[in-house]
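Worksheet: one structure, shown below.
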Amino acid sequence: MILELVKGFGLAGRHVFDALFRGKMVTVSYPEVRREQPVFFRGRHRLQRYEDGLERCVGCALCAAVCPSEAIYLEAKENNPANRVSPGERFAEVYQIHLLRCIFCGFCEEACPEDAIVMGPTYELASDRRTDFVAQKHEMLDPREKGFGDYHVYDPYISHVTPESDKEAKADPWALTS
Amino acid sequence: MAQVTKGPACGIGATIGYGAPAGKVGRALEGVPEDQLFTMTLNGREVKARKGETIMEVCHREDTYVPHYCWHPSLSIAGNCRLCLVEVEKVPKPIIACQTQVSPGMVVKSASEQAKTAQEWMMEFLLVNHPLDCPICDRGGECQLQRYSMEYGTSHSRMADKKRKYVKPQADPLIDIERNRCIMCTRCVRFCDEVGGDHVMGVFARGNDNYIGTFGQGPVSNIFSGNVIDLCPVGCLTSKPFRFKARVWELTQTQTTCTQCSSGCKVTSWTRNGRLYRTTPPSRQRHDHFTINEDTEEFICNQGRFGADFSAHDSRRGESLVRRADRLEPAPFGDAVARAGKALREVVERHGGESVAILLSPRATNEEGLLARKLARDVVGTWSVDWRANQQSVEAANAVSAALRVADGDLESEPDVVVIVNGDIAHQSPVLALRIQELGRRHLKKIVMLGHYHDPYLAGHAAMSFHNAPGRTAEILAQLAGVLAGEASVADLASSLGRTEEDVRELVDTIKSAQSGLLVQSLQDFDGRYAPAEVPAAGALRAALGEGWGWLPVTGERNAVGLNALGCEPGEHGIGARGLLDAIGDGRIKAVVAIGADAIDPLGNEELLAGALSNLDAFVLADSFDSPYSRLATVFLGMAGNLETDGTAFDIEGNIALVKAGVDPVGDSRQGWRILTELGRALGRADFGADSIEDVWTQVRAELAADSDATLAALELEGGTNAAQFVVQRPAGGARNRAPEHNPGNYRTDGLHLRSAAFEAPKAGTAPSSSDPASAADGFLLTWGPHVSGRGYLQNRASIAEMLLPKPFLEVHPADAAAIGVKTNQFAVLHVNGLRTKVGIKVGRGPARGTVYMSAGVYGPFDPSSNAGPVEVRIEPLDELVPDQGEALIAAESAPESH
């Protein structure tokens with residue numbers, strides 16, 4: 001029994017020593033320091049764009065259909081070929097996610113056939129106004145400009161999307177889907 | 001460009017060729033003679049079948065689902081999707097169920113290994129060129145291809161090559177065509193050929209390059225074209241007004257009835273967030289949800305489908321208004337109704353109850369009708385309550401009422417012969433016309449057309465057709481009745497009709513030899529002179545036809561039958577809608593209560609009405625919109641609009657159906673029955689009206705069918721089929737004819753103009769002078785009729801009203817067209833009462849010789865309905881053609897890209 005106690009305290013002591021003197025601190029001094037999130041972290045939603053700025057979202061509403069807490073509301077509209085929003089015929093004119101309803105399950109990511117909606121690394125969601133919790137489309141499309149963290153054109157886990165496939169999809173909307 | 005070829009021969013047994021009528025599918029075998037029946041085996045079960053049925057029809061009746069795309073119960077058999085392959089014993093290959101007739105002892109296995117494999121392979125084959133763009137496609141969620149892929153298909157495809165692609169045409173303003181998604185079932189082509197009647201869609205090119213399109217790249221012009229959207233099993237044909245507005249699974253469905261014409265079609269309203277997104281025929285239950293019914297036999301017209309959203313117009317007003325010092329100010333509903341009650345009470349006290357008129361919109365529900373009548377008779381004390389503003393004269397309105405009261409025919413009984421008098425049913429009540437043509441097309445019944453105008457939609461299905469000049473219809477009907485009774489000679493009738501004796505004898509023999517028949521009479525009376533003579537003549541003819549026959553007078557007004565049966569009419573004592581302006585002019589009417597501004601809108605142009613209404617002491621308007629009339633009101637009460645109102649209404653055949661609210665009333669507006677209740681209570685009757693729609697219905701039921709105990713819930717539509725039918729009991733009698741209570745007693749109390757006998761023809765009116773316009777060398781007689789999509793108070797407010805508006809064409813008889821030298825699609829100048837207008841010409845057999853026909857509400861200022869009396873017109877041909885709708889679009893469209 002004595003042996004077990006010594007072993008246990010020894011382990012704890014080693015960790016204390018490592019943290020204090022060998023620079024192996026487990027905690028970070030938030031908010032000055034922010035922890036790097038794993039790739040599959042499900043934080044605040046983002047809407048992705050193609051490299052040329054066209055939106056990936058076609059407004060199919062499968063995310064809204066699969067959402068278990070009915071947090072997503074969207075209205076689609078037909079693209080004007082002279083002033084495209086998305087490569088296909090259809091785009092989301094209104095796209096809202098009610099973050100107070102959202103349970104961050106990630107089903108919307110999974111359901112999305114265009115890899116348009118992804119959940120990013122941002123976890124700082126607090127606000128003192130309820131309206132702030134309804135994320136609007138422009139906030140999710142351009143999160144950096146709106147102060148919602150970084151905006152990535154490609155997420156590493158969208159492995160099958162390459163700049164080449166994007167180019168092809170833009171030139172020929174049907175290629176994307178066949 | 002070749003249209004679709006005949007269906008492929010099946011190779012086994014007897015097959016039905018392309019174009020054969022499908023018959024009534026799923027029809028029960030009761031009453032079929034024993035020698036026509038035999039037994040066969042379906043999935044190991046012994047079933048009875050009738051000679052000549054197909055396997056699909058037997059499966060349909062036996063509730064055995066066989067997947068199909070091209071087969072549709074209302075359309076002819078094409079046999080080109082090959083998905084309904086089933087296994088038949090002793091046949092080496094699977095064969096298609098839709099085209100193979102059953103034979104005695106046949107053993108059919110619809111779900112065997114062989115059949116399943118065949119269906120799986122067919123699904124893979126149909127998907128070879130189908131793009132996987134379901135996220136973009138509007139059909140997603142209600143797509144038969146998606147569904148069958150899950151139920152009958154495989155999850156993989158061996159298609160490695162590039163898919164076939166077409167350039168997208170922009171042919172139709174209402175229907176979006178995406179050819180890449182088409183699987184060539186040709187349902188739309190057959191619908192336009194057989195039901196729509198305009199033969200405008202076709203299959204073009206050959207083999208792998210097959211594509212669907214319209215001849216001349218123009219629009220699909222028939223009034224039922226919207227149905228191809230529902231018929232299309234894939235996303236090839238989708239609705240343009242609904243395009244990308246919402247996904248179907250997000251919408252709430254309400255099973256209700258259309259409120260736009262007297263066909264009273266059952267529809268499903270698809271709403272979301274208090275807004276109507278689309279209207280379709282009744283949806284059906286599949287597994288745990290309701291979805292669109294691709295196999296529906298209940299087609300609806302384009303006006304009902306696309307024009308039902310008028311309540312969401314910008315001019316919609318939810319709150320009530322009260323006039324204070326010459327200004328209308330918003331007021332709470334309670335204050336407004338109290339003010340209305342005060343204003344009306346003052347008028348009643350000063351001028352008596354008879355100085356108040358209550359006008360109802362013809363689309364008012366039975367509940368609103370009943371309360372309006374009770375308000376007039378029991379509270380205000382006036383006979384003057386009316387719904388018939390659309391009729392052209394007092395006499396015509398009375399004739400319409402008399403006809404509706406004694407009508408005893410319907411199409412349900414499938415009469416052997418349908419005699420149509422004065423046509424034009426397709427414009428007034430489109431789906432009624434569709435059902436009549438189905439009798440001719442699918443059930444091979446005889447259609448006979450009489451009168452001065454023959455509906456072009458039905459004329460193609462008519463076995464016989466006899467024109468006469470306008471104004472002579474009554475005479476012809478009287479002579480025909482005489483011939484049937486053996487009192488007049490065939491020769492006289494033949495000379496009146498200007499036809500040979502053999503033709504007329506055939507007509508008489510057809511009518512005489514029929515076991516059952518139906519006399520359909522259009523009450524469309526273009527100048528208010530003819531109905532007073534034609535209705536009694538038709539009544540006399542109905543009496544001469546005897547047992548087995550029925551009489552179905554047709555008017556386009558939504559709830560004409562119900563409002564008529566509930567006695568919402570002034571009778572001989574009161575002032576009706578048509579006499580209203582005169583009565584206001586000479587001071588007999590001092591106050592008007594209008595339930596819906598469409599109750600007064602047809603009475604004249606805006607200036608005329610504004611002049612009259614501003615002379616009133618009180619004008620109470622309950623309506624949903626800002627309009628020239630709302631600005632004249634003493635009190636404006638915000639009324640719930642279309643799809644915000646509960647109640648019941650009758651169709652023209654006398655079947656009752658539920659009108660169900662799908663969304664909440666906008667703002668502070670109330671349903672009509674509640675407004676009338678509150679108005680009655682504000683007039684000092686604390687017990688007036690009812691506090692729930694169920695209570696009002698109980699009162700309506702007590703009047704219409706005292707021995708019935710049907711609740712509103714019993715009338716509820718279940719899964720798109722309304723089992724509970726409640727036929728109005730004619731003739732009406734009882735409490736509704738009681739004299740107004742406040743009146744001194746000068747009035748008769750023995751009924752307005754109701755008949756007590758089971759059937760009695762209305763008394764003959766004065767026949768109009770039978771002028772023969774064909775002899776007038778210099779001009780034609782202009783005849784016209786109302787159009788369900790024509791300009792109107794409500795129609796104008798639909799979001800795509802302009803697209804639904806009928807094309808402004810003047811229909812000319814071929815012989816007349818040849819005489820003055822005009823052709824279809826040629827422009828001409830029409831001289832009307834010293835005015836000139838440019839019109840397109842359509843040569844057709846609708847109007848009689850010497851007359852021309854146009855739809856009312858199409859020409860705006862030249863609207864013939866604003867001219868009193870018959871209008872002589874002159875046609876001056878122009879050397880100019882109506883531009884082809886498709887011409888501009890041809891450039892945008894091309895043959896399929898090479899692949």
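To be explicit about the labels: the chains of the structure tokens are called A, B, and onward in the order shown, and within each one the residues are counted from 1, while ligands get numbers from 1 in the order they are shown.
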Write down, as a PDB file with all heavy atoms, in the first residue's frame, each residue of chain B that has any atom within 6 Å of an atom of chain A, counting only C-alpha atoms.
ATOM      1  N   PRO B 131     -29.369  13.552 -64.440  1.00  0.00           N
ATOM      2  CA  PRO B 131     -28.352  14.206 -63.607  1.00  0.00           C
ATOM      3  C   PRO B 131     -28.665  14.009 -62.127  1.00  0.00           C
ATOM      4  O   PRO B 131     -29.830  13.919 -61.744  1.00  0.00           O
ATOM      5  CB  PRO B 131     -28.484  15.682 -64.002  1.00  0.00           C
ATOM      6  CG  PRO B 131     -29.868  15.818 -64.496  1.00  0.00           C
ATOM      7  CD  PRO B 131     -30.255  14.517 -65.097  1.00  0.00           C
ATOM      8  N   LEU B 132     -27.646  13.947 -61.327  1.00  0.00           N
ATOM      9  CA  LEU B 132     -27.881  13.805 -59.878  1.00  0.00           C
ATOM     10  C   LEU B 132     -27.853  15.195 -59.241  1.00  0.00           C
ATOM     11  O   LEU B 132     -27.000  15.509 -58.433  1.00  0.00           O
ATOM     12  CB  LEU B 132     -26.821  12.905 -59.265  1.00  0.00           C
ATOM     13  CG  LEU B 132     -26.927  11.442 -59.674  1.00  0.00           C
ATOM     14  CD1 LEU B 132     -25.783  10.649 -59.107  1.00  0.00           C
ATOM     15  CD2 LEU B 132     -28.242  10.853 -59.196  1.00  0.00           C
ATOM     16  N   ASP B 133     -28.788  16.023 -59.659  1.00  0.00           N
ATOM     17  CA  ASP B 133     -28.823  17.380 -59.128  1.00  0.00           C
ATOM     18  C   ASP B 133     -30.010  17.573 -58.199  1.00  0.00           C
ATOM     19  O   ASP B 133     -30.613  18.637 -58.147  1.00  0.00           O
ATOM     20  CB  ASP B 133     -28.832  18.403 -60.258  1.00  0.00           C
ATOM     21  CG  ASP B 133     -30.070  18.304 -61.120  1.00  0.00           C
ATOM     22  OD1 ASP B 133     -30.729  17.254 -61.069  1.00  0.00           O
ATOM     23  OD2 ASP B 133     -30.378  19.255 -61.853  1.00  0.00           O
ATOM     24  N   PRO B 135     -30.238  18.251 -55.133  1.00  0.00           N
ATOM     25  CA  PRO B 135     -30.234  19.424 -54.250  1.00  0.00           C
ATOM     26  C   PRO B 135     -30.779  20.677 -54.929  1.00  0.00           C
ATOM     27  O   PRO B 135     -31.344  21.538 -54.266  1.00  0.00           O
ATOM     28  CB  PRO B 135     -28.758  19.606 -53.909  1.00  0.00           C
ATOM     29  CG  PRO B 135     -28.141  18.289 -54.139  1.00  0.00           C
ATOM     30  CD  PRO B 135     -28.903  17.651 -55.239  1.00  0.00           C
ATOM     31  N   ILE B 136     -30.613  20.767 -56.235  1.00  0.00           N
ATOM     32  CA  ILE B 136     -31.089  21.949 -56.945  1.00  0.00           C
ATOM     33  C   ILE B 136     -32.521  21.750 -57.415  1.00  0.00           C
ATOM     34  O   ILE B 136     -33.304  22.694 -57.489  1.00  0.00           O
ATOM     35  CB  ILE B 136     -30.152  22.250 -58.135  1.00  0.00           C
ATOM     36  CG1 ILE B 136     -28.824  22.773 -57.615  1.00  0.00           C
ATOM     37  CG2 ILE B 136     -30.775  23.241 -59.101  1.00  0.00           C
ATOM     38  CD1 ILE B 136     -27.796  22.995 -58.681  1.00  0.00           C
ATOM     39  N   PHE B 244     -38.052  27.293 -56.573  1.00  0.00           N
ATOM     40  CA  PHE B 244     -37.055  27.540 -55.529  1.00  0.00           C
ATOM     41  C   PHE B 244     -37.599  28.321 -54.337  1.00  0.00           C
ATOM     42  O   PHE B 244     -36.837  28.828 -53.523  1.00  0.00           O
ATOM     43  CB  PHE B 244     -35.838  28.292 -56.098  1.00  0.00           C
ATOM     44  CG  PHE B 244     -35.125  27.567 -57.188  1.00  0.00           C
ATOM     45  CD1 PHE B 244     -34.292  28.245 -58.072  1.00  0.00           C
ATOM     46  CD2 PHE B 244     -35.258  26.206 -57.337  1.00  0.00           C
ATOM     47  CE1 PHE B 244     -33.621  27.581 -59.077  1.00  0.00           C
ATOM     48  CE2 PHE B 244     -34.596  25.525 -58.340  1.00  0.00           C
ATOM     49  CZ  PHE B 244     -33.781  26.208 -59.215  1.00  0.00           C
ATOM     50  N   LYS B 245     -38.899  28.449 -54.217  1.00  0.00           N
ATOM     51  CA  LYS B 245     -39.453  29.234 -53.113  1.00  0.00           C
ATOM     52  C   LYS B 245     -39.302  28.496 -51.793  1.00  0.00           C
ATOM     53  O   LYS B 245     -39.083  29.088 -50.763  1.00  0.00           O
ATOM     54  CB  LYS B 245     -40.935  29.536 -53.369  1.00  0.00           C
ATOM     55  CG  LYS B 245     -41.165  30.507 -54.507  1.00  0.00           C
ATOM     56  CD  LYS B 245     -41.346  31.921 -54.001  1.00  0.00           C
ATOM     57  CE  LYS B 245     -41.147  32.950 -55.093  1.00  0.00           C
ATOM     58  NZ  LYS B 245     -42.082  32.806 -56.200  1.00  0.00           N
TER      59      LYS B 245
END
Would you please give, as a PyMOL selection string, all residues of range 13-153 of chain A that DSSP assigns to strand (DSSP E or B) based on the backbone?
chain A and resi 45-47+49+55+72-78+80+83+90-98+117-119+134-135
Could you save the residues just selected, with C-alpha atoms, as a PDB file, in the first residue's frame?
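Okay, again05.pdb is ready:
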ATOM      1  CA  HIS A  45     -20.818  27.322 -38.651  1.00  0.00           C
ATOM      2  CA  ARG A  46     -19.279  28.627 -41.820  1.00  0.00           C
ATOM      3  CA  LEU A  47     -20.491  28.759 -45.381  1.00  0.00           C
ATOM      4  CA  ARG A  49     -16.949  29.686 -51.120  1.00  0.00           C
ATOM      5  CA  GLU A  55     -20.863  30.425 -52.877  1.00  0.00           C
ATOM      6  CA  ILE A  72     -31.722  26.431 -39.720  1.00  0.00           C
ATOM      7  CA  TYR A  73     -34.002  28.587 -41.843  1.00  0.00           C
ATOM      8  CA  LEU A  74     -33.324  29.324 -45.475  1.00  0.00           C
ATOM      9  CA  GLU A  75     -34.998  30.712 -48.528  1.00  0.00           C
ATOM     10  CA  ALA A  76     -33.651  29.878 -51.953  1.00  0.00           C
ATOM     11  CA  LYS A  77     -33.789  31.913 -55.134  1.00  0.00           C
ATOM     12  CA  GLU A  78     -32.916  31.504 -58.781  1.00  0.00           C
ATOM     13  CA  ASN A  80     -29.244  35.539 -62.371  1.00  0.00           C
ATOM     14  CA  ASN A  83     -24.608  38.095 -61.670  1.00  0.00           C
ATOM     15  CA  ARG A  90     -30.143  28.080 -57.313  1.00  0.00           C
ATOM     16  CA  PHE A  91     -28.668  29.840 -54.306  1.00  0.00           C
ATOM     17  CA  ALA A  92     -29.653  30.585 -50.739  1.00  0.00           C
ATOM     18  CA  GLU A  93     -30.965  34.112 -50.457  1.00  0.00           C
ATOM     19  CA  VAL A  94     -31.624  33.901 -46.739  1.00  0.00           C
ATOM     20  CA  TYR A  95     -29.618  31.553 -44.548  1.00  0.00           C
ATOM     21  CA  GLN A  96     -29.981  31.769 -40.798  1.00  0.00           C
ATOM     22  CA  ILE A  97     -28.841  29.508 -37.991  1.00  0.00           C
ATOM     23  CA  HIS A  98     -30.281  30.019 -34.572  1.00  0.00           C
ATOM     24  CA  ILE A 117     -21.704  24.348 -44.612  1.00  0.00           C
ATOM     25  CA  VAL A 118     -18.897  23.297 -42.292  1.00  0.00           C
ATOM     26  CA  MET A 119     -18.385  23.777 -38.592  1.00  0.00           C
ATOM     27  CA  VAL A 134     -29.177  34.280 -35.107  1.00  0.00           C
ATOM     28  CA  ALA A 135     -26.222  33.883 -37.425  1.00  0.00           C
TER      29      ALA A 135
END
In Å to one decimal, how far is CA of Ala399 in chain B from CA of Gly304 in chain B?
27.8 Å
Would you list the contacts of Pro665 in chain B as number ranges by chain, taking every protein, DNA or RNA residue within 10 Å and counting only C-alpha atoms, but skipping same-chain residues closer than 2 positions in sequence?
B: 274, 311, 318, 624, 638-645, 661-663, 667-671
Identify which of the residues B:Ser76, B:Thr711, B:Asn615, B:Asn390 lies closest to Leu632 in chain B, counting only C-alpha atoms when measuring atom-to-atom distances.
B:Asn615
Within range 266-433 of chain B, find each residue whose DSSP state, derived from the backbone, is alpha helix (DSSP H), and express the selection as a PyMOL selection string.
chain B and resi 302-306+333-351+366-374+394-406+425-428+430-433
Rounded to one decimal in Å, what is the spacing between CA of Leu523 in chain B and CA of Ser855 in chain B?
15.0 Å
I need the residue nearest Cys265 in chain B from this list: B:Asp172, B:Glu298, B:Asp709, B:Asp601. Use only C-alpha atoms for the distance.
B:Glu298
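What separates CA of Lys266 in chain B from CA of Gly409 in chain B is a distance of 20.0 Å.
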Would you list the contacts of Glu547 in chain B as a count of residues only, taking every protein, DNA or RNA residue within 9 Å and counting only C-alpha atoms, but skipping same-chain residues closer than 4 positions in sequence?
3
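Summary of the local environment: counting only C-alpha atoms, residues at most 7 Å from Gly840 in chain B, other than itself and those fewer than 2 positions away along its chain, are Pro808, Phe809, Leu810, Asn825, Gln826, Phe827, Ala828, Lys842 and Val882 of chain B.
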